[in-house]
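First up is the structure itself, then whatever we jot down about it.
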Amino acid sequence: MSALPEISLLFEPRGVAVVGASPHPDKVGHKLVDRILDSRYPGRIYPINPKGGEVLGLPALRSIDEIDGPVDVAAIAIPAERVFEAVQACARKGVRHLLIITSGFSEVGNVAEERRIVSFAREHGLRVVGPNIFGLYSAAASLNVTFGPRGIQPGGVAIITQSGALGVAMIGKTAVERIGLSAIVSVGNKADVDEADLLAYFREQERTKVILMYIEGVRNGVRLVEALRATTSRKPVIVIKSGRSSRGAVAAASHTGSLAGSDAIFDDVMRQCHVLRADTVRDAFAWCKLFDAAPPLQGENAVIVTNGGGVGVMATDACEQYGVALYDDQQALRETFAAAVPSFGSTKNPIDVTGQAGEKEYGACFAAAAKNPAIHAVIALLCETAMVDVSRIVPMLQEAERDLRAAGKPMVFGMFGGATIEAQVEALKQGGSSAFTDPYEAVQTLAALYRFRRWSQLGLRPPDEVAIDAGRIDAVAAAARADGRRFLLASEAQAVLEAAGIPRPQVRVCRSMDEAVRAAEAIGYPVVLKVVSRDILHKSDAGGVALDLDDRQEVLDAYEAILHNCRARVPGARIDGVEVCEMVAKGVETIVGARRDASFGPVVMFGLGGIYVEVMKDVVFRALPLDRREAAGMIEQIKSYPLLLGVRGERRKDTGIVIETILRVGAILQRCPDVSDIEINPLVVYEQGRGARAVDARILLAEGQGGGGHG
Ligand code: COA
């Protein structure tokens with residue numbers, strides 16, 4: 001137990017008290033004692049009730065103070081207004097963990113009381129799970145301290161759920177689906193203990209093979225990301241999150257904000273943490289069951305064994321869609337399966353014994369797959385035919401699966417047919433197999449193992465640091481603040497980009513024709529000339545802009561024309577000079593942004609830029625800090641990635657500079673606390689080796705007074 005974090009006492013307590021234990025069978029406090037007894041918890045159980053008496057044959061103590069012996073967990077099921085007093089008594093007794101079942105706290109606006117309880121508890125060394133929870137089950141302690149169903153089956157799946165009702169329903173459903181639990185914890189209002197604390201325990205605990213989380217809202221996303229990263233490098237984590245809507249995006253001030261629907265960020269951050277996100281409880285359970293029961297995937301070569309060509313093709317399509325790699329060494333396949341497959345069948349993957357084959361030929365294929373070490377997973381498909389007595393096939397399939405598992409190979413079943421087949425699928429499921437009535441589902445479930453394996457091999461990297469001049473950026477921000485602004489002017493934004501080392505068009509302010517020509521020659525033709533004057537807001541209208549100047553003479557003419565036009569059209573304007581800018585050539589327009597997300601803290605965005613950015617919504621997000629490979633992953637994730645690879649004979653674009661820009665934009669948010677939003681649109685990207693140009697940048701400062709110093 002010493003390698004486990006302190007929270008392990010929550011799952012392996014030496015004694016459990018139930019505050020509010022009642023002799024009345026319909027009360028929560030009664031059910032809690034009943035479930036503890038039913039689960040055969042071997043430690044001491046202390047029902048607490050001020051009236052004394054007995055609860056389910058156990059003597060009830062009038063107060064926690066009367067407990068004689070260690071008690072690490074107290075489940076509290078008394079009305080909200082009495083909870084604080086009970087927590088005080090628990091602190092006196094030296095209880096370590098509280099399961100506050102009681103509702104009526106922050107979820108109904110009673111925030112102050114919840115805070116009072118949690119701060120008192122923390123000050124006295126107690127951790128609080130809840131309030132507003134259904135309790136906890138721990139296979140390690142053989143302890144069910146919930147008011148949910150009895151008879152929870154032990155196994156390797158740990159469930160953390162924010163929803164109580166769904167959690168209770170999940171317990172029932174796991175029993176139906178034959179999924180064994182190592183633990184289930186309801187976190188409710190997450191006033192103290194949250195997913196990150198629990199992940200710290202489950203990732204160490206040997207009996208937990210896979211962790212399933214149901215999340216409604218993320219409170220401390222930065223902590224959650226850290227905990228997830230530390231966990232997924234060791235075991236799979238599956239998450240179901242409700243609320244795919246984009247609440248919170250409405251009031252956003254920039255594209256980055258309006259594109260950053262909370263769910264889009266959540267989805268991308270989960271991917272970044274190598275967490276498998278399930279859309280439905282059904283998918284999540286299917287994945288959990290396979291992760292728990294099957295050996296880990298040793299390699300990527302799957303074979304499909306089928307007695308029907310059509311389902312074989314469907315499964316092949318599904319493999320392509322979900323990223324399951326099919327073993328493709330034709331000679332090895334022939335050698336492995338020739339003896340098992342009838343002459344009219346096929347040893348090409350899918351291995352097709354055809355509808356004419358019987359149980360013997362079909363079964364022989366699994367034995368052959370078990371023996372070949374180059375095969376790593378088996379997808380067994382079966383159609384109801386006259387040649388196979390499906391009603392007798394389950395024992396053979398179960399034996400085949402045992403042999404395959406013993407050889408380290410996961411197996412999934414996709415069986416299609418009438419009532420008899422469906423009954424066999426059910427029988428397989430009850431026996432602990434991953435069996436489905438649809439080949440797609442079978443493949444999709446196996447695909448979860450593939451994704452986890454690939455992520456595990458990839459590993460997670462430490463963040464990459466980039467050097468930026470944060471002091472200069474802070475000074476720019478401070479000057480804007482002093483001017484009473486939360487947004488930066490174009491020239492200020494340019495200064496920030498320069499301080500961050502982000503490539504932007506070259507610009508020089510010149511005060512004479514000679515200077516302008518020298519600047520144009522240093523920058524390289526073509527160039528653009530623009531008047532610099534605080535009195536001229538609309539430069540083009542005043543004739544203060546000249547584009548696409550190709551040589552010295554054009555620059556001289558344009559310089560003269562600009563001064564002439566501006567003096568004529570805006571009489572008395574103070575002209576500070578003329579800006580000579582690099583003329584930005586066409587390239588792929590991308591967008592790079594960063595903002596502070598309410599859940600995950602600073603996040604960066606990358607996507608297809610230009611004026612259609614909000615229509616295309618082809619953007620991805622990542623939480624900071626970031627490493628270069630992850631930034632490269634962002635680029636590869638967008639749908640328009642082929643544009644950066646080059647289409648129709650174009651050369652590959654300079655993605656290296658995009659990666660660098662993403663990291664630098666992220667670094668600004670990390671190191672300059674007063675900057676809240678950055679959006680470079682477009683970042684025009686050129687061919688490999690030719691870089692990119694940040695043409696336009698919008699930068700906002702934090703709401704309120706803003707920060708100072710470097711984070
Ligand atoms: N210490 C110990 N026992 C106490 C006590 C105290 N300080 N104060 C009261 N009790 C006893 C009561 O006397 C009663 O026992 P009795 O039946 O012998 O009289 C028992 O504790 C329960 O108190 P009671 O007032 O009857 O409350 P209740 O059982 O009706 O409701 C809760 C208590 C916690 C169940 C209720 O307040 C609640 O929050 N329900 C929602 C729970 C929920 O849904 N949680 C989220 C799930 S996801």
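Following the order of the structure tokens, first chain is A, next is B, and so on, with residues numbered from 1 inside each chain and ligands from 1 in the order they appear.
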
Could the residues of chain A that have an atom at most 6 Å from ligand 1 be listed as a Markdown table, each with its closest atom pair and the distance in Å to one decimal, counting only C-alpha atoms and all ligand atoms and ordered by chain and ascending residue number?
| residue | atom | partner | partner_atom_place_in_ligand_line | distance |
| --- | --- | --- | --- | --- |
| A:Val19 | CA | ligand 1 | 2 (C) | 4.5 |
| A:Gly20 | CA | ligand 1 | 21 (O) | 3.1 |
| A:Ala21 | CA | ligand 1 | 21 (O) | 5.7 |
| A:Ser22 | CA | ligand 1 | 18 (O) | 4.3 |
| A:Pro23 | CA | ligand 1 | 18 (O) | 5.8 |
| A:His24 | CA | ligand 1 | 17 (O) | 5.6 |
| A:Lys27 | CA | ligand 1 | 29 (O) | 4.8 |
| A:Val28 | CA | ligand 1 | 35 (C) | 5.0 |
| A:Ile48 | CA | ligand 1 | 2 (C) | 5.0 |
| A:Asn49 | CA | ligand 1 | 3 (N) | 3.9 |
| A:Pro50 | CA | ligand 1 | 3 (N) | 5.4 |
| A:Ala77 | CA | ligand 1 | 34 (C) | 3.7 |
| A:Ile78 | CA | ligand 1 | 33 (C) | 4.1 |
| A:Pro79 | CA | ligand 1 | 37 (O) | 3.7 |
| A:Ala80 | CA | ligand 1 | 37 (O) | 5.8 |
| A:Arg82 | CA | ligand 1 | 7 (N) | 5.7 |
| A:Ala86 | CA | ligand 1 | 7 (N) | 5.6 |
| A:Ile101 | CA | ligand 1 | 45 (N) | 4.9 |
| A:Thr102 | CA | ligand 1 | 39 (O) | 3.4 |
| A:Ser103 | CA | ligand 1 | 39 (O) | 3.8 |
| A:Asn132 | CA | ligand 1 | 46 (C) | 4.0 |
| A:Ile133 | CA | ligand 1 | 48 (S) | 4.0 |
| A:Phe134 | CA | ligand 1 | 47 (C) | 4.2 |
| A:Gly164 | CA | ligand 1 | 48 (S) | 3.3 |
| A:Ala165 | CA | ligand 1 | 48 (S) | 5.4 |

Could you pull out the residues in range 100-265 of chain A that DSSP calls strand (DSSP E or B) from the backbone, as a ChimeraX atom specification?
/A:100,127-129,135-138,143-146,154-161,181-186,210-215,237-241

Output the selection as a compact mmCIF listing (two decimals), in the first residue's frame - N, CA, C and O atoms for each residue.
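Output below, filename again37.txt:
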# COMPACT_ATOMS: atom_id res chain seq x y z
N ILE A 100 -19.86 12.33 1.45
CA ILE A 100 -21.06 13.10 1.82
C ILE A 100 -22.15 12.83 0.78
O ILE A 100 -22.14 13.37 -0.33
N ARG A 127 -10.42 14.44 3.72
CA ARG A 127 -10.79 14.67 2.33
C ARG A 127 -12.28 14.39 2.17
O ARG A 127 -12.81 13.48 2.79
N VAL A 128 -12.90 15.19 1.30
CA VAL A 128 -14.35 15.07 1.11
C VAL A 128 -14.65 14.56 -0.31
O VAL A 128 -14.20 15.16 -1.29
N VAL A 129 -15.39 13.48 -0.40
CA VAL A 129 -15.93 13.05 -1.69
C VAL A 129 -17.37 13.53 -1.73
O VAL A 129 -18.15 13.24 -0.82
N GLY A 135 -22.12 7.30 -3.27
CA GLY A 135 -21.20 6.51 -2.49
C GLY A 135 -20.11 5.89 -3.31
O GLY A 135 -19.75 6.42 -4.38
N LEU A 136 -19.59 4.78 -2.84
CA LEU A 136 -18.40 4.20 -3.47
C LEU A 136 -18.43 2.68 -3.34
O LEU A 136 -18.91 2.14 -2.33
N TYR A 137 -17.91 2.01 -4.36
CA TYR A 137 -17.68 0.57 -4.26
C TYR A 137 -16.20 0.35 -4.49
O TYR A 137 -15.61 0.94 -5.40
N SER A 138 -15.59 -0.50 -3.67
CA SER A 138 -14.18 -0.82 -3.84
C SER A 138 -13.98 -2.32 -3.74
O SER A 138 -14.21 -2.92 -2.68
N LEU A 143 -16.03 -3.73 -0.49
CA LEU A 143 -16.88 -2.75 0.19
C LEU A 143 -17.81 -2.04 -0.79
O LEU A 143 -17.37 -1.37 -1.71
N ASN A 144 -19.11 -2.21 -0.54
CA ASN A 144 -20.11 -1.46 -1.31
C ASN A 144 -20.79 -0.51 -0.35
O ASN A 144 -21.67 -0.89 0.41
N VAL A 145 -20.34 0.75 -0.35
CA VAL A 145 -20.99 1.72 0.54
C VAL A 145 -21.74 2.71 -0.35
O VAL A 145 -21.36 3.86 -0.51
N THR A 146 -22.77 2.17 -1.02
CA THR A 146 -23.64 2.97 -1.88
C THR A 146 -25.08 2.66 -1.50
O THR A 146 -25.32 1.72 -0.75
N PRO A 154 -16.88 -8.04 -8.95
CA PRO A 154 -15.54 -7.46 -8.98
C PRO A 154 -14.84 -7.72 -10.31
O PRO A 154 -15.11 -8.71 -10.97
N GLY A 155 -13.95 -6.83 -10.70
CA GLY A 155 -13.23 -6.97 -11.97
C GLY A 155 -12.19 -5.88 -12.09
O GLY A 155 -11.72 -5.35 -11.08
N GLY A 156 -11.89 -5.49 -13.32
CA GLY A 156 -10.78 -4.58 -13.55
C GLY A 156 -11.16 -3.19 -14.03
O GLY A 156 -10.29 -2.41 -14.43
N VAL A 157 -12.45 -2.85 -14.02
CA VAL A 157 -12.87 -1.54 -14.54
C VAL A 157 -13.16 -0.58 -13.38
O VAL A 157 -13.96 -0.90 -12.50
N ALA A 158 -12.50 0.56 -13.37
CA ALA A 158 -12.78 1.58 -12.36
C ALA A 158 -13.63 2.66 -13.01
O ALA A 158 -13.29 3.15 -14.09
N ILE A 159 -14.72 3.01 -12.36
CA ILE A 159 -15.60 4.05 -12.92
C ILE A 159 -15.63 5.26 -11.98
O ILE A 159 -15.80 5.11 -10.77
N ILE A 160 -15.42 6.44 -12.58
CA ILE A 160 -15.56 7.70 -11.84
C ILE A 160 -16.72 8.43 -12.48
O ILE A 160 -16.68 8.70 -13.68
N THR A 161 -17.73 8.73 -11.73
CA THR A 161 -18.89 9.37 -12.35
C THR A 161 -19.32 10.64 -11.63
O THR A 161 -19.35 10.68 -10.40
N LEU A 181 -16.11 -4.70 -11.85
CA LEU A 181 -15.59 -3.40 -11.41
C LEU A 181 -14.50 -3.55 -10.36
O LEU A 181 -14.60 -4.38 -9.46
N SER A 182 -13.46 -2.71 -10.50
CA SER A 182 -12.48 -2.63 -9.41
C SER A 182 -12.98 -1.58 -8.42
O SER A 182 -12.68 -1.65 -7.23
N ALA A 183 -13.72 -0.61 -8.95
CA ALA A 183 -14.28 0.43 -8.08
C ALA A 183 -15.28 1.25 -8.88
O ALA A 183 -15.22 1.29 -10.12
N ILE A 184 -16.19 1.86 -8.17
CA ILE A 184 -17.00 2.92 -8.78
C ILE A 184 -17.14 4.01 -7.73
O ILE A 184 -17.40 3.72 -6.56
N VAL A 185 -16.86 5.22 -8.13
CA VAL A 185 -16.93 6.35 -7.20
C VAL A 185 -17.79 7.42 -7.83
O VAL A 185 -17.64 7.77 -8.99
N SER A 186 -18.65 7.96 -7.00
CA SER A 186 -19.48 9.07 -7.43
C SER A 186 -18.82 10.33 -6.88
O SER A 186 -18.50 10.39 -5.69
N VAL A 210 -8.56 -0.64 -16.56
CA VAL A 210 -9.05 0.43 -17.42
C VAL A 210 -9.93 1.35 -16.58
O VAL A 210 -10.59 0.90 -15.64
N ILE A 211 -9.91 2.64 -16.91
CA ILE A 211 -10.67 3.62 -16.12
C ILE A 211 -11.71 4.28 -17.02
O ILE A 211 -11.38 4.73 -18.13
N LEU A 212 -12.92 4.32 -16.54
CA LEU A 212 -14.01 4.97 -17.29
C LEU A 212 -14.48 6.18 -16.49
O LEU A 212 -14.77 6.07 -15.30
N MET A 213 -14.53 7.34 -17.15
CA MET A 213 -14.99 8.54 -16.45
C MET A 213 -16.21 9.10 -17.16
O MET A 213 -16.21 9.25 -18.38
N TYR A 214 -17.22 9.42 -16.38
CA TYR A 214 -18.34 10.19 -16.93
C TYR A 214 -18.21 11.60 -16.37
O TYR A 214 -18.24 11.81 -15.16
N ILE A 215 -18.02 12.57 -17.28
CA ILE A 215 -17.78 13.95 -16.86
C ILE A 215 -18.88 14.86 -17.41
O ILE A 215 -19.25 14.74 -18.58
N VAL A 237 -7.68 5.10 -20.48
CA VAL A 237 -8.74 5.90 -19.84
C VAL A 237 -9.78 6.21 -20.91
O VAL A 237 -9.43 6.66 -22.01
N ILE A 238 -11.02 5.94 -20.57
CA ILE A 238 -12.13 6.20 -21.50
C ILE A 238 -12.99 7.28 -20.87
O ILE A 238 -13.23 7.24 -19.66
N VAL A 239 -13.44 8.23 -21.66
CA VAL A 239 -14.28 9.28 -21.09
C VAL A 239 -15.57 9.42 -21.88
O VAL A 239 -15.58 9.32 -23.10
N ILE A 240 -16.64 9.61 -21.13
CA ILE A 240 -17.91 9.99 -21.74
C ILE A 240 -18.19 11.37 -21.19
O ILE A 240 -18.18 11.55 -19.97
N LYS A 241 -18.37 12.34 -22.08
CA LYS A 241 -18.70 13.67 -21.58
C LYS A 241 -20.00 14.10 -22.22
O LYS A 241 -20.17 14.04 -23.43

Residues near range 660-669 of chain A, anyone? I mean within 9 Å using only C-alpha atoms, not counting same-chain ones fewer than 5 positions away, as a PyMOL selection string.
chain A and resi 464-470+473+496-497+500-503+592-596+602-606+624-628+631+655+674-680+711

Would you mind telling me which residue in A:Gln670, A:Asn301, A:Asp279, A:Val313 lies nearest to Asp329 in chain A when using only C-alpha atoms?
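Smallest separation from Asp329 in chain A among the options: A:Asn301.
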
Going by DSSP on the backbone, which residues of range 445-551 of chain A come out as alpha helix (DSSP H)? List them as number ranges by chain.
A: 445-458, 470-482, 490-499, 513-523

Out of A:Gly69, A:Gly167, A:Pro236, A:Gly414, which residue has the shortest atom-to-atom distance to His274 in chain A when counting only C-alpha atoms?
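Among the listed residues, A:Pro236 lies closest to His274 in chain A.
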
My list of candidates is A:Thr316, A:Asn349, A:Thr306, A:Gln398. Which is closest to Ser434 in chain A when distances are computed with only C-alpha atoms?
A:Gln398

Skip Asp654 in chain A itself and residues of its chain fewer than 4 positions away, then list as a ChimeraX atom specification all residues within 8 Å of it, counting only C-alpha atoms.
/A:644,658,685-692

Counting only C-alpha atoms, which of A:Ala522, A:Ala294, A:Leu397, A:Ala141 gets nearest to Lys409 in chain A?
A:Ala294

Close residues, Glu650 in chain A itself excluded, 12 Å, only C-alpha atoms, min 2 positions apart in chain, as a list of chain:residue names:
A:Gly587, A:Val588, A:Pro642, A:Leu643, A:Leu644, A:Leu645, A:Gly646, A:Val647, A:Arg648, A:Arg652, A:Lys653, A:Tyr686, A:Glu687, A:Gln688

Mind writing the picked residues with N, CA and C atoms as a PDB file, in the first residue's frame?
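Dumped everything to selection-v6.pdb:
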ATOM      1  N   GLY A 587      -0.048  32.571 -50.502  1.00  0.00           N
ATOM      2  CA  GLY A 587       0.372  31.295 -49.933  1.00  0.00           C
ATOM      3  C   GLY A 587      -0.858  30.664 -49.310  1.00  0.00           C
ATOM      4  N   VAL A 588      -0.670  29.651 -48.489  1.00  0.00           N
ATOM      5  CA  VAL A 588      -1.830  29.039 -47.822  1.00  0.00           C
ATOM      6  C   VAL A 588      -2.138  29.871 -46.580  1.00  0.00           C
ATOM      7  N   PRO A 642      -4.140  18.495 -46.511  1.00  0.00           N
ATOM      8  CA  PRO A 642      -3.570  18.291 -47.854  1.00  0.00           C
ATOM      9  C   PRO A 642      -3.120  19.593 -48.519  1.00  0.00           C
ATOM     10  N   LEU A 643      -3.764  20.717 -48.196  1.00  0.00           N
ATOM     11  CA  LEU A 643      -3.333  21.996 -48.784  1.00  0.00           C
ATOM     12  C   LEU A 643      -1.907  22.319 -48.354  1.00  0.00           C
ATOM     13  N   LEU A 644      -1.556  21.906 -47.142  1.00  0.00           N
ATOM     14  CA  LEU A 644      -0.202  22.181 -46.651  1.00  0.00           C
ATOM     15  C   LEU A 644       0.799  21.154 -47.185  1.00  0.00           C
ATOM     16  N   LEU A 645       0.281  19.995 -47.536  1.00  0.00           N
ATOM     17  CA  LEU A 645       1.176  18.993 -48.134  1.00  0.00           C
ATOM     18  C   LEU A 645       1.465  19.357 -49.585  1.00  0.00           C
ATOM     19  N   GLY A 646       0.565  20.183 -50.168  1.00  0.00           N
ATOM     20  CA  GLY A 646       0.733  20.567 -51.574  1.00  0.00           C
ATOM     21  C   GLY A 646      -0.178  19.718 -52.447  1.00  0.00           C
ATOM     22  N   VAL A 647      -1.049  20.384 -53.242  1.00  0.00           N
ATOM     23  CA  VAL A 647      -1.938  19.641 -54.143  1.00  0.00           C
ATOM     24  C   VAL A 647      -1.540  19.919 -55.591  1.00  0.00           C
ATOM     25  N   ARG A 648      -1.855  18.983 -56.453  1.00  0.00           N
ATOM     26  CA  ARG A 648      -1.613  19.121 -57.899  1.00  0.00           C
ATOM     27  C   ARG A 648      -0.201  19.604 -58.206  1.00  0.00           C
ATOM     28  N   ARG A 652       5.427  20.930 -50.940  1.00  0.00           N
ATOM     29  CA  ARG A 652       4.998  20.915 -49.542  1.00  0.00           C
ATOM     30  C   ARG A 652       5.235  22.285 -48.899  1.00  0.00           C
ATOM     31  N   LYS A 653       4.332  22.658 -48.024  1.00  0.00           N
ATOM     32  CA  LYS A 653       4.458  23.980 -47.399  1.00  0.00           C
ATOM     33  C   LYS A 653       5.334  23.889 -46.142  1.00  0.00           C
ATOM     34  N   TYR A 686       4.291  29.600 -46.888  1.00  0.00           N
ATOM     35  CA  TYR A 686       4.892  29.364 -48.212  1.00  0.00           C
ATOM     36  C   TYR A 686       5.505  27.979 -48.283  1.00  0.00           C
ATOM     37  N   GLU A 687       6.151  27.738 -49.429  1.00  0.00           N
ATOM     38  CA  GLU A 687       6.771  26.433 -49.630  1.00  0.00           C
ATOM     39  C   GLU A 687       7.857  26.174 -48.596  1.00  0.00           C
ATOM     40  N   GLN A 688       8.111  24.891 -48.410  1.00  0.00           N
ATOM     41  CA  GLN A 688       9.146  24.429 -47.485  1.00  0.00           C
ATOM     42  C   GLN A 688      10.415  25.280 -47.598  1.00  0.00           C
TER      43      GLN A 688
END

Using only C-alpha atoms, which residues sit within 12 Å of Thr336 in chain A once same-chain residues fewer than 4 positions away are excluded, as a ChimeraX atom specification?
/A:303,327,329-332,340-341,346-349,351,364-375

Quick one: residues within 10 Å of Phe344 in chain A, only C-alpha atoms counted, chain neighbours fewer than 4 positions away excluded, as a compact mmCIF listing (two decimals) with C-alpha atoms, in the first residue's frame?
# COMPACT_ATOMS: atom_id res chain seq x y z
CA ASP A 352 -13.39 -17.13 -45.65
CA VAL A 353 -14.36 -20.73 -44.94
CA THR A 354 -17.60 -19.99 -46.89
CA GLN A 356 -20.60 -24.46 -47.00
CA ALA A 357 -18.09 -25.05 -44.25

Name the closest residue to Pro59 in chain A among the candidates A:Tyr612, A:Tyr41, A:Tyr46, A:Phe84; distances are taken between atoms, counting only C-alpha atoms.
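Looking at the shortest contact to Pro59 in chain A, the residue is A:Tyr46.
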
To one decimal in Å, tell me the separation between CA of Asp34 in chain A and CA of Ile76 in chain A.
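These two atoms are separated by 14.7 Å.
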